[in-house]
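Structure first, then comments.
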Amino acid sequence: MSAGTRTLTVFLAVLTALFVAIAGVSTQWPGPVWVWPLLLLAAPALVVETVRMAAGRRTPIPPEVTPYLPAAPVERREARVSGVALPSALEDYDFFLSGTVRWSPTGAGGTEPLINPAGLAVEAVLARARAITERREPGRVSLVQHELNGDLSVMRTEPSGRLRVMAEGITLVLADHDRERLEQLAEVRKEKAVWEHRRKHEQSRREYLGEDVFKDTGSALTWWLARNDEQVEKTVGDIGLIARLTSAVNDTDVPERLRHLVPDAEPSPVGPPMTSEEEQPTPG
């Protein structure tokens, strides 16, 4: 019998005894004097027994009905965040995070003042996400989103020790204008890389031709024969042309020994050069 039932039983027994006493006095019931104490004791006992029997006959809830009873309300332990800006590895290029934060109390800090668990949980999740995003390039937003989903899907205790928190359904995006700028910058970098490659290729060809192939006429002939080994006679006929080309590349005159092979070349003077006195006409 519960405490509430016992209290009610005592109260009813006292009321019954008073009722019997008042009824006897007011109606002047006949009979021996010893009958009155018996009635005053029997009436409360009868009330107590009646209540006890009624409590015993109370039918408990069948076990098979228990699962269908309405469940007790459960404390909501999740919060939605949307469009929270988080820094990336590039200044002024932010990620925007959305998702659902979930938490579970650890039981610690029971004697401390009341807290807002949603605030603590969201703060802990954003701190974990920021530790990742601030070291990642904004151009890899899809990859960073998968990384966050993996890291934040694990329940971890937040710094205060009161909650264990996680997040799910994480989405990470960039602003449209930032994404367009990054695409333009990537295109410029690609074009620059191609231009640099072409420039170095041309520079390497110039160095090869100027410092190796056309270093002198002999080197130029050797290079030409290596590329045209079936045209020996034609190569011999082109020695003058190759000599002239080699001299032009090196910004020098055609060597004297090859001048006669150069087409349209001015003949070199025969004999030693004349002095100024020899050039003056003799008087007649």
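Each chain in the structure tokens gets a letter, A, B, ..., in the order shown, and its residues are numbered from 1; ligands are numbered from 1 in order too.
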Quiz item: Contacts of Gly237 (chain A) at 12 Å or less, counting only C-alpha atoms, minus same-chain residues fewer than 4 places along, as a ChimeraX atom specification?
Solution: /A:221,231-233,241-243,261-263
Self-check item: Spatial neighbours of region 111-126 of chain A, 12 Å, only C-alpha atoms, chain gap at least 2 places, as a VMD selection string
Solution: chain A and resid 75 to 87 95 to 109 128 to 134 148 to 149 151 to 168 170
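CA of Gly218 (chain A) lies 12.6 Å from CA of Arg257 (chain A).
Put simply, CA of Thr222 (chain A) is 23.0 Å away from CA of His201 (chain A).
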Exercise. Please identify which residues in region 68-244 of chain A DSSP calls strand (DSSP E or B) from the backbone, and express them as a VMD selection string.
Key: chain A and resid 78 to 87 94 to 105 156 to 157 163 to 174
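As for CA of Val173 (chain A) and CA of Val141 (chain A), they are spaced 6.5 Å apart.
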Quiz item: Quick one: residues within 12 Å of Ser219 (chain A), only C-alpha atoms counted, chain neighbours fewer than 3 positions away excluded, as a PyMOL selection string?
Solution: chain A and resi 208-216+222-226+239+242-243+246
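The protein and nucleic acid residues lying at most 10 Å from Tyr93 (chain A) are A:Ala85, A:Leu86, A:Pro87, A:Ser88, A:Ala89, A:Leu90, A:Glu91, A:Phe95, A:Phe96, A:Glu137, A:Pro138, A:Gly139, A:Leu174, A:Ala175, A:Asp178, A:Arg179, A:Leu182, with only C-alpha atoms considered and sequence neighbours fewer than 2 positions away removed.
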Output the selection as a PDB file, in the first residue's frame - C-alpha atoms for each residue.
```pdb
ATOM      1  CA  ALA A  85      31.117  31.109 -42.634  1.00  0.00           C
ATOM      2  CA  LEU A  86      34.392  29.304 -41.933  1.00  0.00           C
ATOM      3  CA  PRO A  87      37.838  30.513 -43.097  1.00  0.00           C
ATOM      4  CA  SER A  88      39.868  28.737 -45.768  1.00  0.00           C
ATOM      5  CA  ALA A  89      43.606  28.735 -46.453  1.00  0.00           C
ATOM      6  CA  LEU A  90      43.109  31.780 -48.736  1.00  0.00           C
ATOM      7  CA  GLU A  91      42.246  35.101 -47.140  1.00  0.00           C
ATOM      8  CA  PHE A  95      33.464  28.196 -46.812  1.00  0.00           C
ATOM      9  CA  PHE A  96      29.776  28.138 -45.811  1.00  0.00           C
ATOM     10  CA  GLU A 137      42.276  25.378 -50.335  1.00  0.00           C
ATOM     11  CA  PRO A 138      38.822  26.752 -51.251  1.00  0.00           C
ATOM     12  CA  GLY A 139      39.065  25.234 -54.707  1.00  0.00           C
ATOM     13  CA  LEU A 174      31.553  28.616 -51.687  1.00  0.00           C
ATOM     14  CA  ALA A 175      29.900  31.856 -52.673  1.00  0.00           C
ATOM     15  CA  ASP A 178      34.284  33.358 -55.183  1.00  0.00           C
ATOM     16  CA  ARG A 179      33.913  30.149 -57.165  1.00  0.00           C
ATOM     17  CA  LEU A 182      38.875  30.820 -58.492  1.00  0.00           C
TER      18      LEU A 182
END
```
